[in-house]
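Have a look at the structure below before the remarks.
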Amino acid sequence: MTRTSDASKGRAKDQGLMSHERVKRGWVWNQFFVVEEYTGTEPLYVGKIHSDSDEGDGSIKYTISGEGAGTIFIIDEITGDIHATERLDREEKTYYTLRAQARDRLTDRPLEPESEFVIKVQDINDSEPKFLEGPYIGSVAELSPIGTSVMKVTASDADDPTYGSSARVVYSVLEGEKFFTVDNQTGVILTAVADLDRETQDRYELVVKATDMAGQMGGLSGSTTVTIVITDVNDNPPRFPQKMYQFTVSEGAAVGTPVGRVMATDADMGENTDMSYLIKDEEGGELFRVATDGDTQEAIITIRKPLDFENKRTHNVVVEAVNKHTIVRVTVTDTDEPPVFRPAEGAVMEVQEDARLGALVGIVTAVDPDMENAPVRYSIDQGTDQEKIFNIDPVTGAITLVKILDRETAGWHNITVTAVEADNPSQASQTSVSIRILDVNDNPPELATPYEASICEDAKPGQLIHTISVVDRDEPQSGHRFYFTLAPEAANNRHFTLWDVKDNTAGIRTQRTGFNRQEQNVYLLPILVVDSGPPALSSTGTLTIHVCGCDTEGAIQSCNATAYAISATLSPGALIALLVCMLILIVLVLLILTLKRHRKGQRMSEDEEDMRDNVIKYNDEGGGEQDTQAYDMSALRSLYDFPEVKSAEPGPDLRSLPQWIQGRVNGDGGAADFSVFKGYIRKKVEQADADLSVPPYDSFQTYAFEGSSSPALSLSSIHTLSTTSEQDFSYLSDWGPRFRQLAGFYSLGPPEEEGS
């Protein structure tokens with residue numbers, strides 16, 4: 001049974017042809033996707049299931065069961081089309097697990113085993129960020145410096161954080177931005193001014209907004225109100241409401257008698273209003289003392305010494321009010337300091353594994369504490385980014401990608417960013433930036449090990465013979481979920497079935513009674529494993545099942561190794577390897593034939609050289625006059641040495657020799673006499689040895705000596721025509737074809753007529 005969806009009908013055929021080849025990416029037949037929050041009036045088309053045995057005559061009835069079957073999802077019994085009848089919400093349920101069945105319409109008999117498939121609800125950005133902990137109330141002391149942290153607000157988004165940027169939230173201040181700012185990534189509220197005065201305004205109302213889609217256009221947003229209370233510091237001195245107070249006392253009043261009460265006011269609050277009084281002038285301090293009423297904070301002036309009206313009628317007493325908790329203000333002079341990063345403890349950034357080159361990872365910010373808006377320049381310490389994966393804009397501090405990321409190779413990258421003052425590069429500071437690579441499903445699941453299993457020949461139907469599991473290099477945030485099924489080419493086998501246990505493992509069970517290892521002792525079972533995506537990836541692994549002989553207790557005794565494959569289809573890799581081997585064999589055969597032909601040509605050239613006249617060449621330097629062993633002179637000395645002719649053995653062909661030599665060899669004159677030539681050659685050698693002008697090495701000598709007493713005398717045609725010699729030259733005809741032309745000149749013919 002096959003299943004198709006709108007997004008993958010074109011790839012269903014290719015998937016069905018897959019044998020043992022891993023599929024890196026591709027459509028998976030047992031998983032459909034449906035978009036949430038569909039608002040159309042017609043049922044939403046999800047996908048289609050189809051049996052290979054369906055001939056379109058309506059004899060097959062398709063049914064589904066499981067979560068939402070018949071209510072949320074309905075199927076056309078004839079066509080196998082699945083539709084969603086209700087509006088789905090991914091935030092309520094992320095996926096539905098169903099089972100499909102193809103039955104005979106007349107008998108209701110199942111035509112294929114029941115198969116499980118999943119319908120995943122695909123997320124859209126339909127949930128706005130929400131502040132779940134509001135309303136927020138924070139506080140900060142008055143006169144706090146710029147950048148003082150006040151509090152942190154957090155918004156959550158119910159959309160899928162692993163899909164797109166629907167749940168990626170950034171923060172901003174809608175109201176109150178003149179006095180406070182918010183970190184757009186963390187939601188930390190900071191002071192924007194340094195002169196917050198509680199006595200002027202003791203609280204502020206801020207409106208903070210959170211926007212998803214990383215703040216891009218089209219993102220949804222939510223807001224909350226933040227109340228910030230300005231706490232008091234003792235920054236106001238006590239003040240008397242009037243500059244002079246008058247009191248009257250009797251001259252006879254006793255010591256300790258109260259004269260009057262005065263009170264100073266303080267604009268601060270709480271303990272910052274606690275004060276004490278003292279008499280500053282020396283004269284007044286002798287006659288009067290002052291005490292503080294702890295309840296009313298009033299100054300009570302009493303008589304310290306008896307008074308004398310006649311001596312002095314009026315006394316001026318200076319009373320001073322002092323806070324118990326006073327402010328000591330220390331002014332600090334400025335020195336040039338390096339830039340300060342915000343936040344100071346380092347930044348943590350995240351980027352998707354499949355982010356494109358040039359994609360923004362994050363922005364680091366540093367400020368010059370000595371001067372507002374002073375320019376700062378950024379750089380990455382190359383020692384912490386030796387592969388040069390990241391780049392930073394020297395002006396803005398934006399970190400971007402230079403190379404493709406792979407979370408399976410490195411899940412975190414820790415780099416160091418340096419910030420220097422543009423006007424004074426010697427003032428530099430550094431911060432650490434940790435970049436987390438968010439996983440993308442780009443690795444298909446694989447069988448944990450190359451699996452092999454064994455069964456006994458007397459195995460029973462339904463017997464569990466092996467349990468398989470898988471590994472996946474990816475790490476989805478929602479955890480792994482794997483689906484198992486037999487590969488399409490093995491779906492109709494009658495030997496084994498696959499049982500998905502639903503805990504990321506699967507079992508292999510026998511489907512028939514008994515096996516005969518004499519007929520077939522090895523089965524190769526291709527198994528398709530699919531992960532939960534997105535996108536869903538799959539791979540095919542092969543389980544090798546050996547049929548073995550077992551004893552009565554089921555213990556394996558022996559197994560043969562004759563392989564039998566359920567599917568005989570060769571993978572493209574095997575075909576390429578076979579073609580490469582054939583090509584190598586053809587090249588080797590051509591090389592052998594070429595070498596044989598080359599050697600044959602050399603032998604033919606050597607044979608041709610043997611057929612030519614024997615010319616002996618000495619073209620290398622000899623050993624000097626005393627070297628008599630350097631060359632074999634027998635080749636020259638025996639040029640005309642012929643073996644004696646014996647009657648019992650065949651002799652040389654005498655017809656190829658001159659006639660005067662033939663006669664001597666035949667016994668007319670005895671053995672051929674070469675003494676004349678030998679003497680001549682010896683004389684020439686002695687002359688060459690004695691000649692000082694000759695080079696001190698062997699040289700080529702020309703011997704143009706014909707000899708004497710030749711019976712043939714001169715063969716000149718001129719001489720012959722000018723004499724009346726009656727010598728018989730008929731023997732020339734016996735010298736062979738080389739002398740045939742010469743013999744014709746000397747043959748006897750009819751005398752020419754006179755005058756002709």
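Note on naming: chains are A, B, ... as they come in the structure tokens, residues start from 1 per chain, ligands start from 1 in the order shown.
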
Practice task
Could you give me, as a list of chain:residue names, the residues within 10 Å of Val262 in chain A, counting only C-alpha atoms and dropping anything in the same chain fewer than 6 positions from it?
Solution key: A:Phe240, A:Pro241, A:Gln242, A:Met244, A:Tyr245, A:Tyr277, A:Val290, A:Thr292, A:Gln297, A:Glu298, A:Ala299, A:Ile300, A:Ile301, A:Val319, A:Ala321

List as a Markdown table every residue of range 90-209 of chain A that is in contact with range 418-442 of chain A, defined as an atom at most 12 Å from one of its atoms (using only C-alpha atoms), together with the nearest atom pair and the distance in Å rounded to one decimal, sorted by chain and then rising number.
| residue | atom | partner | partner_atom | distance |
| --- | --- | --- | --- | --- |
| A:Pro161 | CA | A:Leu438 | CA | 10.6 |
| A:Thr162 | CA | A:Leu438 | CA | 8.5 |
| A:Tyr163 | CA | A:Val440 | CA | 9.5 |
| A:Gly164 | CA | A:Val440 | CA | 10.9 |

Practice task
Any chance you could list, as a ChimeraX atom specification, the residues in range 390-543 of chain A that come up strand (DSSP E or B) when DSSP is run on the backbone?
Solution key: /A:390-392,398-401,412-421,428-438,446-447,452-456,464-471,483-486,496-500,505-510,522-530,538-543

Exercise for the section: Could you please determine the separation between CA of Val233 in chain A and CA of Tyr204 in chain A in Å, to one decimal place? Expected result: 17.2 Å

Practice task
List the neighbours of Val170 in chain A out to 7 Å using only C-alpha atoms; skip same-chain residues closer than 6 positions along the sequence, and give me the result as a PyMOL selection string.
Solution key: chain A and resi 184-185+210-212+214-215

Exercise for the section: In Å, rounded to a single decimal, give me how far CA of Val402 in chain A is from CA of Thr365 in chain A. Expected result: 20.5 Å

Practice task
Can you pull out every residue within 7 Å of Ala100 in chain A, counting only C-alpha atoms, but drop anything in the same chain fewer than 3 positions away, and send it as a list in words?
Solution key: Thr63, Ile64, Ser65, Glu114, Ser115 and Glu116 of chain A

Practice task
Please identify all polymer residues within 8 Å of range 226-230 of chain A, counting only C-alpha atoms, omitting same-chain residues fewer than 3 positions from it, and present them as a count of residues only.
Solution key: 19

Handout entry: Best match for closeness to Arg342 in chain A among A:Cys456, A:Asp232, A:Ile527, A:Asp368, counting only C-alpha atoms
Key =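 Residue with the minimum atom-to-atom distance to Arg342 in chain A: A:Asp368.
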
Exercise for the section: To one decimal in Å, tell me the separation between CA of Asp308 in chain A and CA of Val255 in chain A. Expected result: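 Distance reported for this atom pair: 12.4 Å.
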
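Compared by their closest atoms to Arg87 in chain A, and using only C-alpha atoms, the residues A:Gly176, A:Gly679, A:Gly40, A:Gly479 rank with A:Gly40 nearest.
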
Exercise for the section: Using only C-alpha atoms, pick whichever of A:Pro461, A:Pro526, A:Pro375, A:Gly147 has the shortest atom-to-atom distance to Leu447 in chain A. Expected result: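 Checking each of A:Pro461, A:Pro526, A:Pro375, A:Gly147 against Leu447 in chain A, counting only C-alpha atoms, the winner is A:Pro526.
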
Practice task
Considering only C-alpha atoms, state which residue in the set A:Leu357, A:Ile72, A:Met217, A:Val169 is at the smallest distance from Pro43 in chain A.
Solution key: A:Ile72

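Near Thr154 in chain A, within a cut-off of 8 Å and counting only C-alpha atoms, sit the residues Phe131, Leu132, Glu133, Thr186 and Gly187 of chain A, with same-chain residues fewer than 6 positions away left out.
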
Just-selected residues, C-alpha atoms written as a CSV table (one decimal), in the first residue's frame:
chain,number,residue,atom,x,y,z
A,131,PHE,CA,3.4,38.1,29.7
A,132,LEU,CA,2.3,35.4,32.1
A,133,GLU,CA,3.8,36.9,35.3
A,186,THR,CA,16.7,39.3,27.4
A,187,GLY,CA,13.8,41.6,28.6

Practice task
Can you check which residues of range 63-274 of chain A DSSP gives as helix (DSSP H, G or I) on the backbone and send them as a ChimeraX atom specification?
Solution key: /A:213-215,270-273

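Across A:Asp474, A:Asp500, A:Asp123, A:Asp406, the tightest approach to Ala536 in chain A is made by A:Asp474 when counting only C-alpha atoms.
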
Exercise for the section: Extract, using only C-alpha atoms, all DNA, RNA and protein residues at most 12 Å from Gly218 in chain A, discarding same-chain residues fewer than 6 positions from it, and format them as a PyMOL selection string. Expected result: chain A and resi 125-126+128+165-166+211-212
